[in-house]
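*Asks:* Sharing my_file-v3.tsv here; it has TSV, C-alpha atoms (C1' of nucleotides).
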```tsv
chain	number	residue	atom	x	y	z
A	243	MET	CA	5.83	-60.23	-28.19
A	244	ILE	CA	2.65	-60.23	-26.17
A	245	PRO	CA	1.13	-63.53	-25.16
A	246	ILE	CA	-1.88	-65.00	-26.87
A	247	VAL	CA	-4.77	-66.33	-24.83
A	248	ILE	CA	-7.04	-69.03	-26.17
A	249	ALA	CA	-10.17	-69.04	-24.05
A	250	GLY	CA	-13.61	-70.56	-24.22
A	251	PRO	CA	-15.91	-73.04	-22.57
A	252	THR	CA	-14.81	-76.59	-22.03
A	253	GLY	CA	-14.92	-78.66	-25.17
A	254	VAL	CA	-14.87	-75.97	-27.86
A	255	GLY	CA	-11.45	-76.99	-29.07
A	256	LYS	CA	-9.03	-74.68	-27.28
A	257	SER	CA	-6.23	-77.20	-27.01
A	258	GLU	CA	-6.41	-78.11	-30.64
A	259	LEU	CA	-6.38	-74.51	-31.79
A	260	ALA	CA	-3.54	-73.66	-29.44
A	261	LEU	CA	-1.54	-76.53	-30.82
A	262	ARG	CA	-1.96	-75.53	-34.44
A	263	LEU	CA	-1.28	-71.92	-33.66
A	264	ALA	CA	1.85	-72.81	-31.75
A	265	GLU	CA	3.18	-74.80	-34.66
A	266	ALA	CA	2.36	-72.05	-37.09
A	267	ILE	CA	3.98	-69.18	-35.25
A	268	GLY	CA	6.65	-70.83	-33.16
A	269	GLY	CA	4.85	-70.73	-29.86
A	270	GLU	CA	4.74	-72.74	-26.69
A	271	ILE	CA	1.61	-73.59	-24.77
A	272	VAL	CA	1.06	-72.57	-21.18
A	273	ASN	CA	-1.89	-74.18	-19.44
A	274	PHE	CA	-4.41	-72.28	-17.38
A	275	ASP	CA	-6.65	-75.11	-16.36
A	276	SER	CA	-6.94	-75.90	-12.69
A	277	VAL	CA	-7.24	-79.66	-13.10
A	278	GLN	CA	-4.74	-80.29	-15.84
A	279	VAL	CA	-1.97	-79.16	-13.53
A	280	TYR	CA	-2.35	-82.40	-11.58
A	281	ARG	CA	-0.30	-85.46	-12.44
A	282	GLY	CA	-2.33	-88.46	-13.41
A	283	PHE	CA	-5.64	-86.70	-13.92
A	284	ASP	CA	-5.56	-87.21	-17.66
A	285	ILE	CA	-8.71	-88.67	-19.10
A	286	GLY	CA	-11.21	-86.71	-17.09
A	287	SER	CA	-9.49	-83.40	-17.61
A	288	ALA	CA	-9.07	-83.94	-21.35
A	289	LYS	CA	-5.40	-83.25	-20.96
A	290	PRO	CA	-3.39	-82.97	-24.16
A	291	GLY	CA	-1.76	-86.30	-24.86
A	292	ALA	CA	1.79	-87.36	-25.62
A	293	GLU	CA	1.34	-86.82	-29.31
A	294	ALA	CA	0.43	-83.18	-28.89
A	295	ARG	CA	3.17	-82.61	-26.38
A	296	ALA	CA	5.73	-84.03	-28.73
A	297	ARG	CA	4.74	-81.54	-31.36
A	298	VAL	CA	4.90	-78.42	-29.21
A	299	PRO	CA	6.31	-77.71	-25.74
A	300	HIS	CA	3.55	-77.69	-23.13
A	301	HIS	CA	3.98	-75.95	-19.80
A	302	LEU	CA	2.21	-76.23	-16.44
A	303	PHE	CA	0.68	-79.58	-17.14
A	304	ASP	CA	1.40	-82.36	-14.62
A	305	ILE	CA	3.26	-80.10	-12.27
A	306	ILE	CA	1.84	-81.20	-8.93
A	307	ASP	CA	0.55	-84.22	-7.06
A	308	ALA	CA	-3.01	-84.33	-5.88
A	309	GLY	CA	-3.12	-83.55	-2.22
A	310	VAL	CA	-0.42	-80.95	-2.42
A	311	GLU	CA	-1.70	-77.50	-1.61
A	312	PHE	CA	-2.05	-75.50	-4.80
A	313	ASN	CA	-4.02	-72.38	-5.57
A	314	ALA	CA	-4.32	-69.40	-7.82
A	315	ALA	CA	-1.35	-67.64	-6.29
A	316	ASP	CA	0.89	-70.66	-6.79
A	317	TYR	CA	-0.35	-70.89	-10.30
A	318	ALA	CA	0.28	-67.25	-11.06
A	319	ARG	CA	3.83	-67.48	-9.76
A	320	LEU	CA	4.70	-70.54	-11.80
A	321	ALA	CA	2.94	-69.31	-14.90
A	322	ARG	CA	4.66	-65.98	-14.79
A	323	ALA	CA	8.02	-67.67	-14.59
A	324	ALA	CA	7.14	-69.96	-17.45
A	325	CYS	CA	6.02	-67.07	-19.64
A	326	GLN	CA	9.18	-65.14	-18.96
A	327	GLU	CA	11.34	-68.09	-19.69
A	328	ILE	CA	9.58	-68.79	-22.98
A	329	ALA	CA	9.77	-65.17	-24.03
A	330	ALA	CA	13.45	-65.08	-23.16
A	331	ARG	CA	14.02	-67.81	-25.68
A	332	GLY	CA	12.28	-65.70	-28.28
A	333	ARG	CA	9.26	-67.94	-28.46
A	334	ARG	CA	5.64	-66.90	-28.37
A	335	VAL	CA	3.51	-67.66	-25.30
A	336	ILE	CA	0.14	-69.22	-25.99
A	337	LEU	CA	-2.03	-69.50	-22.92
A	338	ALA	CA	-4.79	-72.06	-23.22
A	339	GLY	CA	-7.33	-73.12	-20.66
A	340	GLY	CA	-10.61	-72.45	-18.96
A	341	THR	CA	-9.90	-71.39	-15.40
A	342	PHE	CA	-10.34	-67.69	-15.79
A	343	PHE	CA	-9.63	-66.99	-12.17
A	344	TYR	CA	-6.17	-68.41	-12.69
A	345	LEU	CA	-5.76	-66.43	-15.87
A	346	ARG	CA	-6.67	-63.26	-14.08
A	347	ALA	CA	-4.28	-64.03	-11.27
A	348	LEU	CA	-1.56	-64.38	-13.86
A	349	LEU	CA	-2.42	-61.38	-16.00
A	350	HIS	CA	-3.41	-58.90	-13.31
A	351	GLY	CA	-1.92	-60.32	-10.16
A	352	LEU	CA	-3.50	-60.99	-6.80
A	353	PRO	CA	-3.54	-58.71	-3.79
A	354	GLU	CA	-0.53	-59.06	-1.54
A	355	MET	CA	-2.54	-60.53	1.26
A	356	PRO	CA	-1.90	-63.49	3.50
A	357	GLY	CA	-2.24	-66.91	1.94
A	358	ARG	CA	-3.94	-69.91	3.40
A	359	ASP	CA	-3.34	-70.82	6.96
A	360	ALA	CA	-4.26	-74.41	7.68
A	361	SER	CA	-4.78	-74.12	11.41
A	362	ILE	CA	-6.86	-70.96	11.17
A	363	ARG	CA	-8.87	-72.53	8.42
A	364	ALA	CA	-9.51	-75.59	10.54
A	365	ARG	CA	-10.82	-73.43	13.33
A	366	ILE	CA	-13.14	-71.49	11.06
A	367	GLN	CA	-14.45	-74.68	9.55
A	368	GLY	CA	-15.06	-76.09	12.96
A	369	VAL	CA	-17.51	-73.28	13.52
A	370	ALA	CA	-18.96	-73.50	10.04
A	371	ASN	CA	-19.85	-77.13	10.47
A	372	ARG	CA	-22.03	-76.44	13.45
A	373	PRO	CA	-25.73	-75.98	12.86
A	374	ARG	CA	-26.31	-72.47	11.55
A	375	GLY	CA	-22.56	-72.08	11.52
A	376	ASN	CA	-22.56	-70.30	8.20
A	377	GLU	CA	-24.89	-67.57	9.36
A	378	TRP	CA	-22.89	-67.18	12.50
A	379	LEU	CA	-19.70	-66.69	10.49
A	380	HIS	CA	-21.39	-64.29	8.14
A	381	ARG	CA	-22.59	-62.17	11.02
A	382	TRP	CA	-19.08	-62.16	12.40
A	383	LEU	CA	-17.73	-61.09	9.03
A	384	SER	CA	-20.29	-58.31	8.74
A	385	LYS	CA	-19.17	-56.99	12.09
A	386	ILE	CA	-15.47	-56.87	11.35
A	387	ASP	CA	-15.86	-55.98	7.68
A	388	PRO	CA	-19.28	-54.58	6.75
A	389	GLN	CA	-18.30	-54.08	3.15
A	390	SER	CA	-17.44	-57.73	2.65
A	391	GLY	CA	-20.49	-58.70	4.65
A	392	ARG	CA	-22.61	-57.00	2.06
A	393	ARG	CA	-20.68	-58.29	-0.89
A	394	ILE	CA	-20.49	-61.92	0.16
A	395	ALA	CA	-23.73	-63.89	0.36
A	396	PRO	CA	-24.48	-65.55	3.71
A	397	ALA	CA	-24.48	-68.93	2.01
A	398	ASP	CA	-21.19	-68.42	0.24
A	399	ARG	CA	-19.14	-70.48	2.60
A	400	HIS	CA	-15.86	-70.47	0.75
A	401	ARG	CA	-15.66	-66.73	0.49
A	402	ILE	CA	-16.75	-66.15	4.07
A	403	GLU	CA	-14.05	-68.51	5.28
A	404	ARG	CA	-11.39	-66.85	3.25
A	405	ALA	CA	-12.38	-63.36	4.32
A	406	LEU	CA	-12.27	-64.37	7.97
A	407	GLU	CA	-9.00	-66.13	7.46
A	408	VAL	CA	-7.41	-62.98	6.09
A	409	TRP	CA	-8.77	-61.01	8.99
A	410	LEU	CA	-7.55	-63.46	11.61
A	411	VAL	CA	-4.10	-63.75	10.10
A	412	SER	CA	-3.46	-60.12	9.31
A	413	GLY	CA	-5.83	-58.14	11.47
A	414	ARG	CA	-6.99	-56.31	8.36
A	415	PRO	CA	-10.31	-56.88	6.60
A	416	ILE	CA	-10.02	-58.48	3.21
A	417	SER	CA	-11.80	-55.57	1.55
A	418	GLU	CA	-8.90	-53.29	2.47
A	419	TRP	CA	-6.35	-55.15	0.46
A	420	GLU	CA	-5.73	-53.49	-2.86
A	421	ARG	CA	-6.58	-55.45	-5.93
A	422	PRO	CA	-3.44	-54.87	-8.03
A	423	ALA	CA	-0.55	-55.80	-5.83
A	424	ALA	CA	0.98	-52.38	-6.15
A	425	GLY	CA	4.40	-52.49	-7.70
A	426	THR	CA	4.98	-56.17	-7.21
A	427	VAL	CA	3.80	-57.40	-10.57
A	428	GLU	CA	3.22	-55.42	-13.69
A	429	GLU	CA	0.03	-56.04	-15.63
A	430	MET	CA	0.45	-58.42	-18.48
A	431	VAL	CA	-1.19	-57.49	-21.72
A	432	ALA	CA	-2.39	-60.28	-23.94
A	433	THR	CA	-4.23	-60.84	-27.16
A	434	LYS	CA	-7.33	-62.74	-26.17
A	435	ILE	CA	-9.13	-65.04	-28.50
A	436	GLY	CA	-12.49	-66.29	-27.28
A	437	LEU	CA	-13.98	-69.40	-28.83
A	438	THR	CA	-17.73	-69.78	-28.81
A	439	MET	CA	-20.11	-72.36	-30.12
A	440	GLU	CA	-23.87	-72.55	-30.40
A	441	ARG	CA	-25.06	-74.06	-27.17
A	442	PRO	CA	-26.95	-77.08	-28.55
A	443	LEU	CA	-23.91	-77.97	-30.60
A	444	LEU	CA	-21.56	-77.56	-27.68
A	445	ILE	CA	-23.77	-79.71	-25.48
A	446	LYS	CA	-23.88	-82.47	-28.02
A	447	ARG	CA	-20.15	-82.34	-28.23
A	448	LEU	CA	-19.65	-82.35	-24.49
A	449	GLU	CA	-21.86	-85.38	-24.06
A	450	LYS	CA	-19.97	-87.23	-26.72
A	451	ARG	CA	-16.76	-86.36	-25.03
A	452	ILE	CA	-17.90	-87.65	-21.68
A	453	ASP	CA	-19.08	-90.91	-23.19
A	454	ALA	CA	-15.61	-91.18	-24.68
A	455	MET	CA	-13.97	-90.50	-21.34
A	456	TYR	CA	-15.82	-93.37	-19.74
A	457	ALA	CA	-15.01	-95.60	-22.67
A	458	ALA	CA	-11.37	-94.61	-22.34
A	459	GLY	CA	-11.28	-95.74	-18.73
A	460	LEU	CA	-12.04	-92.76	-16.55
A	461	VAL	CA	-13.19	-95.02	-13.75
A	462	ASP	CA	-10.03	-97.12	-13.90
A	463	GLU	CA	-7.89	-94.04	-13.93
A	464	THR	CA	-9.72	-92.77	-10.88
A	465	ARG	CA	-9.27	-96.11	-9.13
A	466	GLY	CA	-5.53	-95.82	-9.57
A	467	LEU	CA	-5.49	-92.25	-8.31
A	468	LEU	CA	-7.64	-93.10	-5.35
A	469	ALA	CA	-5.10	-95.73	-4.38
A	470	ARG	CA	-2.40	-93.09	-4.23
A	471	TYR	CA	-4.15	-90.04	-2.83
A	472	ARG	CA	-6.71	-89.30	-0.19
A	473	ARG	CA	-10.17	-88.88	-1.52
A	474	GLU	CA	-10.34	-85.42	0.02
A	475	ALA	CA	-7.61	-84.25	-2.35
A	476	ARG	CA	-8.77	-81.31	-4.38
A	477	PRO	CA	-8.95	-82.77	-7.87
A	478	PHE	CA	-11.29	-85.50	-6.71
A	479	GLY	CA	-13.85	-82.77	-6.51
A	480	ALA	CA	-13.45	-82.00	-10.20
A	481	ILE	CA	-16.16	-82.81	-12.68
A	482	GLY	CA	-15.87	-86.40	-13.77
A	483	TYR	CA	-13.55	-87.47	-10.99
A	484	ALA	CA	-16.05	-86.77	-8.24
A	485	GLU	CA	-18.60	-89.00	-9.91
A	486	ALA	CA	-16.11	-91.71	-10.83
A	487	ALA	CA	-14.92	-91.78	-7.23
A	488	ALA	CA	-18.51	-92.09	-6.06
A	489	VAL	CA	-18.94	-95.08	-8.35
A	490	LEU	CA	-15.86	-96.74	-6.89
A	491	MET	CA	-17.08	-96.15	-3.37
A	492	GLY	CA	-20.37	-97.76	-4.26
A	493	GLU	CA	-22.28	-94.53	-3.79
A	494	MET	CA	-23.48	-94.19	-7.34
A	495	ASN	CA	-24.02	-96.40	-10.34
A	496	VAL	CA	-22.24	-95.73	-13.58
A	497	ASP	CA	-25.29	-94.49	-15.45
A	498	THR	CA	-26.08	-91.94	-12.79
A	499	ALA	CA	-22.46	-90.91	-12.70
A	500	MET	CA	-22.41	-90.23	-16.40
A	501	VAL	CA	-25.62	-88.22	-16.29
A	502	GLU	CA	-24.33	-86.24	-13.34
A	503	THR	CA	-21.00	-85.58	-15.01
A	504	LYS	CA	-22.79	-84.29	-18.09
A	505	ARG	CA	-25.01	-82.09	-16.01
A	506	ARG	CA	-22.11	-80.51	-14.16
A	507	THR	CA	-20.17	-80.09	-17.36
A	508	ARG	CA	-22.99	-78.17	-18.98
A	509	ALA	CA	-23.28	-75.91	-15.96
A	510	TYR	CA	-19.55	-75.40	-15.96
A	511	ALA	CA	-19.47	-74.43	-19.61
A	512	LYS	CA	-22.15	-71.89	-18.89
A	513	ARG	CA	-20.23	-70.36	-16.01
A	514	GLN	CA	-17.17	-70.12	-18.18
A	515	MET	CA	-19.12	-68.23	-20.80
A	516	THR	CA	-20.46	-65.85	-18.18
A	517	TRP	CA	-16.95	-65.08	-17.08
A	518	LEU	CA	-15.60	-64.75	-20.57
A	519	ARG	CA	-18.36	-62.38	-21.64
A	520	SER	CA	-17.37	-59.97	-18.92
A	521	GLU	CA	-13.77	-60.08	-20.04
A	522	ARG	CA	-12.77	-57.07	-22.10
A	523	ASN	CA	-10.96	-56.94	-25.43
A	524	VAL	CA	-11.80	-60.45	-26.46
A	525	HIS	CA	-11.63	-61.31	-30.14
A	526	TRP	CA	-14.43	-63.75	-30.71
A	527	ILE	CA	-14.40	-66.66	-33.09
A	528	ASP	CA	-17.49	-68.78	-33.48
A	529	VAL	CA	-16.61	-72.42	-33.99
A	530	PRO	CA	-19.14	-73.70	-36.46
A	531	SER	CA	-18.87	-77.45	-36.43
A	532	LEU	CA	-18.69	-80.55	-34.34
A	533	ASP	CA	-15.36	-81.55	-35.79
A	534	GLU	CA	-12.07	-80.79	-34.21
A	535	THR	CA	-10.95	-77.24	-34.73
A	536	THR	CA	-11.66	-76.58	-38.32
A	537	ASP	CA	-9.44	-74.90	-40.80
A	538	GLU	CA	-11.73	-71.87	-40.77
A	539	THR	CA	-11.30	-71.43	-37.06
A	540	PHE	CA	-7.56	-71.70	-37.42
A	541	ALA	CA	-7.56	-69.28	-40.33
A	542	ALA	CA	-9.69	-66.81	-38.42
A	543	ALA	CA	-7.29	-66.94	-35.52
A	544	MET	CA	-4.29	-66.39	-37.79
A	545	ARG	CA	-6.00	-63.41	-39.34
A	546	LEU	CA	-6.59	-61.92	-35.94
A	547	LEU	CA	-2.97	-62.29	-35.02
A	548	GLU	CA	-1.77	-60.67	-38.20
A	549	GLU	CA	-4.01	-57.65	-37.88
A	550	PRO	CA	-1.94	-54.81	-36.48
A	551	LYS	CA	-4.38	-54.55	-33.59
B	78	G	C1'	-63.94	-110.16	-13.99
B	79	G	C1'	-63.02	-108.33	-8.68
B	80	A	C1'	-60.22	-104.78	-5.03
B	81	G	C1'	-57.47	-100.57	-4.64
B	82	A	C1'	-53.96	-96.27	-6.21
B	83	G	C1'	-53.28	-92.33	-9.27
B	84	U	C1'	-53.68	-88.12	-13.28
B	85	U	C1'	-50.31	-81.08	-10.58
B	86	G	C1'	-46.24	-76.12	-14.37
B	87	G	C1'	-40.55	-78.76	-19.59
B	88	C	C1'	-39.41	-83.19	-16.05
B	89	U	C1'	-39.38	-85.40	-10.92
B	90	G	C1'	-42.64	-84.29	-7.09
B	91	A	C1'	-45.28	-81.60	-2.50
B	92	G	C1'	-49.93	-79.54	-1.55
B	93	C	C1'	-55.43	-82.02	0.18
B	94	G	C1'	-61.41	-75.74	1.31
B	95	G	C1'	-59.14	-69.59	1.56
B	96	U	C1'	-52.59	-67.01	3.32
B	97	C	C1'	-51.73	-71.27	-4.20
B	98	A	C1'	-49.50	-68.93	-10.17
B	99	A	C1'	-49.11	-73.52	-6.66
B	100	A	C1'	-43.16	-76.24	-1.84
B	101	A	C1'	-38.69	-78.63	-3.25
B	102	G	C1'	-35.26	-80.58	-6.74
B	103	C	C1'	-33.79	-80.91	-11.93
B	104	A	C1'	-33.48	-78.66	-16.61
B	105	G	C1'	-33.36	-73.53	-18.80
B	106	C	C1'	-31.86	-68.21	-18.70
B	107	A	C1'	-29.00	-64.14	-16.62
B	108	G	C1'	-25.19	-62.83	-13.21
B	109	A	C1'	-21.16	-62.76	-9.42
B	110	C	C1'	-16.19	-64.29	-8.82
B	111	U	C1'	-9.70	-60.59	-4.06
B	112	G	C1'	-5.12	-67.54	-2.58
B	113	U	C1'	-10.72	-74.49	-2.50
B	114	A	C1'	-12.22	-71.63	-8.64
B	115	A	C1'	-14.09	-78.13	-13.03
B	116	A	C1'	-14.99	-74.71	-6.55
B	117	U	C1'	-18.59	-71.46	-4.19
B	118	C	C1'	-22.64	-68.34	-4.61
B	119	U	C1'	-26.92	-64.85	-6.42
B	120	G	C1'	-31.32	-63.65	-9.28
B	121	C	C1'	-35.30	-65.00	-12.87
B	122	C	C1'	-38.19	-69.02	-14.33
B	123	G	C1'	-47.27	-69.72	-16.94
B	124	G	C1'	-48.72	-65.26	-19.92
B	125	G	C1'	-49.79	-59.95	-20.34
B	126	C	C1'	-49.49	-55.11	-18.44
B	127	C	C1'	-49.00	-47.54	-17.91
B	128	A	C1'	-45.17	-54.01	-13.63
B	129	C	C1'	-43.40	-53.06	-4.78
B	130	G	C1'	-49.70	-53.73	-7.98
B	131	C	C1'	-53.38	-55.44	-11.49
B	132	C	C1'	-55.49	-58.70	-15.24
B	133	C	C1'	-55.82	-63.36	-17.88
B	134	U	C1'	-55.04	-68.59	-18.38
B	135	A	C1'	-53.82	-72.72	-15.18
B	136	C	C1'	-53.47	-78.34	-11.08
B	137	G	C1'	-56.63	-84.96	-16.90
B	138	A	C1'	-62.17	-83.53	-19.12
B	139	A	C1'	-67.18	-82.02	-17.95
B	140	G	C1'	-70.68	-80.78	-14.43
B	141	G	C1'	-71.91	-79.74	-9.18
B	142	U	C1'	-71.48	-78.22	-3.69
B	143	U	C1'	-69.57	-73.70	-1.43
B	144	C	C1'	-68.94	-66.60	-0.21
B	145	G	C1'	-64.49	-69.31	-1.99
B	146	A	C1'	-61.91	-75.62	-4.81
B	147	A	C1'	-55.65	-78.06	-7.17
B	148	U	C1'	-58.04	-79.52	-2.58
B	149	C	C1'	-65.18	-81.92	-1.47
B	150	C	C1'	-69.18	-84.64	-4.67
B	151	U	C1'	-70.87	-86.87	-9.51
B	152	C	C1'	-69.64	-88.62	-14.06
B	153	C	C1'	-66.18	-89.46	-18.29
B	154	A	C1'	-61.26	-90.55	-20.09
B	155	C	C1'	-56.69	-92.50	-19.40
B	156	U	C1'	-52.48	-94.81	-16.14
B	157	C	C1'	-50.84	-98.15	-12.42
B	158	U	C1'	-50.77	-102.01	-8.46
B	159	C	C1'	-52.96	-106.26	-6.42
B	160	C	C1'	-56.45	-110.55	-6.50
B	161	A	C1'	-58.37	-114.26	-10.35
```
Would it be possible to restate this file's structure as structure tokens?

*Replies:*
Amino acid sequence: MIPIVIAGPTGVGKSELALRLAEAIGGEIVNFDSVQVYRGFDIGSAKPGAEARARVPHHLFDIIDAGVEFNAADYARLARAACQEIAARGRRVILAGGTFFYLRALLHGLPEMPGRDASIRARIQGVANRPRGNEWLHRWLSKIDPQSGRRIAPADRHRIERALEVWLVSGRPISEWERPAAGTVEEMVATKIGLTMERPLLIKRLEKRIDAMYAAGLVDETRGLLARYRREARPFGAIGYAEAAAVLMGEMNVDTAMVETKRRTRAYAKRQMTWLRSERNVHWIDVPSLDETTDETFAAAMRLLEEPK
RNA sequence: GGAGAGUUGGCUGAGCGGUCAAAAGCAGCAGACUGUAAAUCUGCCGGGCCACGCCCUACGAAGGUUCGAAUCCUCCACUCUCCA
């Protein structure tokens, strides 16, 4: 039984569809959203609630505390285990989420290269934070790894840092590491369902959802989280939480925060669509309404699954 | 009624005689994506072309001064602040 992937931009109704599908075919949901993995980040990440989780087993939600190091490789390892375990019980895996980098790490694996190294990272960042530090690092990268120097933009700080980190830890340029970690993980095949929605409609829906998040207490939730974790913790950079935290620190008023959250959400949805479009073998379903996943969408998905490929 | 300030591309907002189709940001569109990925980054963005160049239309409106104006002058129309 090959896994099913429910993909699409934020807010199209992936969770809802996954839930109904899971109930219909005896499946279990495996998350591939990079924020929903964190405990306590509920409202702002639109995490499926208790009601949904009582109906169908949900995996890889609430698995780590903010502040704990977590990345695509960790995700892929845990997700792979979860998928195997579900399949072993004879249940169907339904992957739902929007972090396509995580999905790819799971489905196709990551190169077997060195992971993060905190002390090396700190040193690189020390340089990066100097005036013109970025350019300096990029020139360094170009020298030790011309191919990556060309591929990575001089302003793309994250990627430059990572490339240098790999070089410093392993002595090998990042571009030399093979993409499929040869032999370590086999490729996972999946049936991919991509949900789309007309942009104006999606935007309207996203804005409504963000208004609802604030009404539901996003700022209060963030206050509680901020009391437990350092503000530098990764998920405080997530859309919604970053702005709510800014409000609590007196750096932004609520109205501005809401506008900013909406702006970032729209941009995020767009990036997700860009990624998804480049994904191959996606079965597209256009979601036609503002309501929660309609019966037509569900029916279309069921039809897809029944088709013998 | 008197004294000032302003009107710039979808928005905010620089420019203050030529190098201006006009900075920058936002929005929009397209894209990338090798362990921070809800992150990070790239390109396009007045219109039309037999497009690394050319043409047209553009900086509230109309005239004018200049080889040349979004930039100077005159006048008109709005907007705003301050004093009564």

*Asks:* Please report as JSON lines every residue of chain A lying within 6 Å of chain B, along with the nearest atom pair and their distance in Å (one decimal), using only C-alpha atoms (C1' of nucleotides).

*Replies:*
```
{"residue": "A:Asn313", "atom": "CA", "partner": "B:G112", "partner_atom": "C1'", "distance": 5.8}
{"residue": "A:Ala314", "atom": "CA", "partner": "B:G112", "partner_atom": "C1'", "distance": 5.6}
{"residue": "A:Ala315", "atom": "CA", "partner": "B:G112", "partner_atom": "C1'", "distance": 5.3}
{"residue": "A:Gly357", "atom": "CA", "partner": "B:G112", "partner_atom": "C1'", "distance": 5.4}
{"residue": "A:Asp398", "atom": "CA", "partner": "B:C118", "partner_atom": "C1'", "distance": 5.1}
{"residue": "A:His400", "atom": "CA", "partner": "B:U117", "partner_atom": "C1'", "distance": 5.7}
{"residue": "A:Ala480", "atom": "CA", "partner": "B:A115", "partner_atom": "C1'", "distance": 4.8}
{"residue": "A:Ile481", "atom": "CA", "partner": "B:A115", "partner_atom": "C1'", "distance": 5.1}
```

*Asks:* Can you pull out every residue within 10 Å of Arg334 (chain A), counting all atoms listed in the file, but drop anything in the same chain fewer than 5 positions away, and send it as a PyMOL selection string?

*Replies:* chain A and resi 243-246+264+267-271+325+328-329

*Asks:* Write out as JSON, numbers by chain which residues come within 12 Å of G83 (chain B) when counting all atoms listed in the file, dropping same-chain ones fewer than 4 positions away.

*Replies:* {"B": [137, 155, 156, 157, 158]}

*Asks:* If we draw a sphere of 12 Å around (-45.1, -69.8, -21.5), which residues have at least one atom in it when counting all atoms listed in the file? Please report them as a PDB file with C-alpha atoms (C1' of nucleotides), in the coordinates of the input.

*Replies:*
```pdb
ATOM      1  C1'   G B  86     -46.240 -76.120 -14.370  1.00  0.00           C
ATOM      2  C1'   G B  87     -40.550 -78.760 -19.590  1.00  0.00           C
ATOM      3  C1'   C B 122     -38.190 -69.020 -14.330  1.00  0.00           C
ATOM      4  C1'   G B 123     -47.270 -69.720 -16.940  1.00  0.00           C
ATOM      5  C1'   G B 124     -48.720 -65.260 -19.920  1.00  0.00           C
ATOM      6  C1'   G B 125     -49.790 -59.950 -20.340  1.00  0.00           C
ATOM      7  C1'   U B 134     -55.040 -68.590 -18.380  1.00  0.00           C
ATOM      8  C1'   A B 135     -53.820 -72.720 -15.180  1.00  0.00           C
TER       9        A B 135
END
```

*Asks:* Hey, which of A:Arg441, A:Arg451, A:Gln389, A:Arg476 ends up closest to G105 (chain B)? Count all atoms listed in the file.

*Replies:*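 The closest residue to G105 (chain B) is A:Arg441.
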
*Asks:* Of the candidates B:C136, B:A99, B:A128, B:A82, which shows the shortest atom-to-atom distance to C159 (chain B), using only C-alpha atoms (C1' of nucleotides)?

*Replies:*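 Of B:C136, B:A99, B:A128, B:A82, the one nearest C159 (chain B) is B:A82, counting only C-alpha atoms (C1' of nucleotides).
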
*Asks:* Produce the centre coordinates and the three edge lengths, each in Å to one decimal, of the box along x, y and z that contains all listed atoms of region 108-122 of chain B with 8 Å added on each side, as lines of an AutoDock Vina configuration file.

*Replies:*
```
center_x = -21.7
center_y = -69.4
center_z = -8.4
size_x = 49.1
size_y = 33.5
size_z = 27.8
```

*Asks:* Could you state the separation of CA of Val277 (chain A) and CA of Arg404 (chain A) in Å, given to one decimal place?

*Replies:*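 Separation of CA of Val277 (chain A) and CA of Arg404 (chain A): 21.2 Å.
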
*Asks:* Need to verify the contact set: Lys434 (chain A), 9 Å, all atoms listed in the file, exclusion of same-chain residues closer than 6 positions in sequence. Can you return it as an MDAnalysis selection string?

*Replies:* chainID A and resid 245:249 522:526
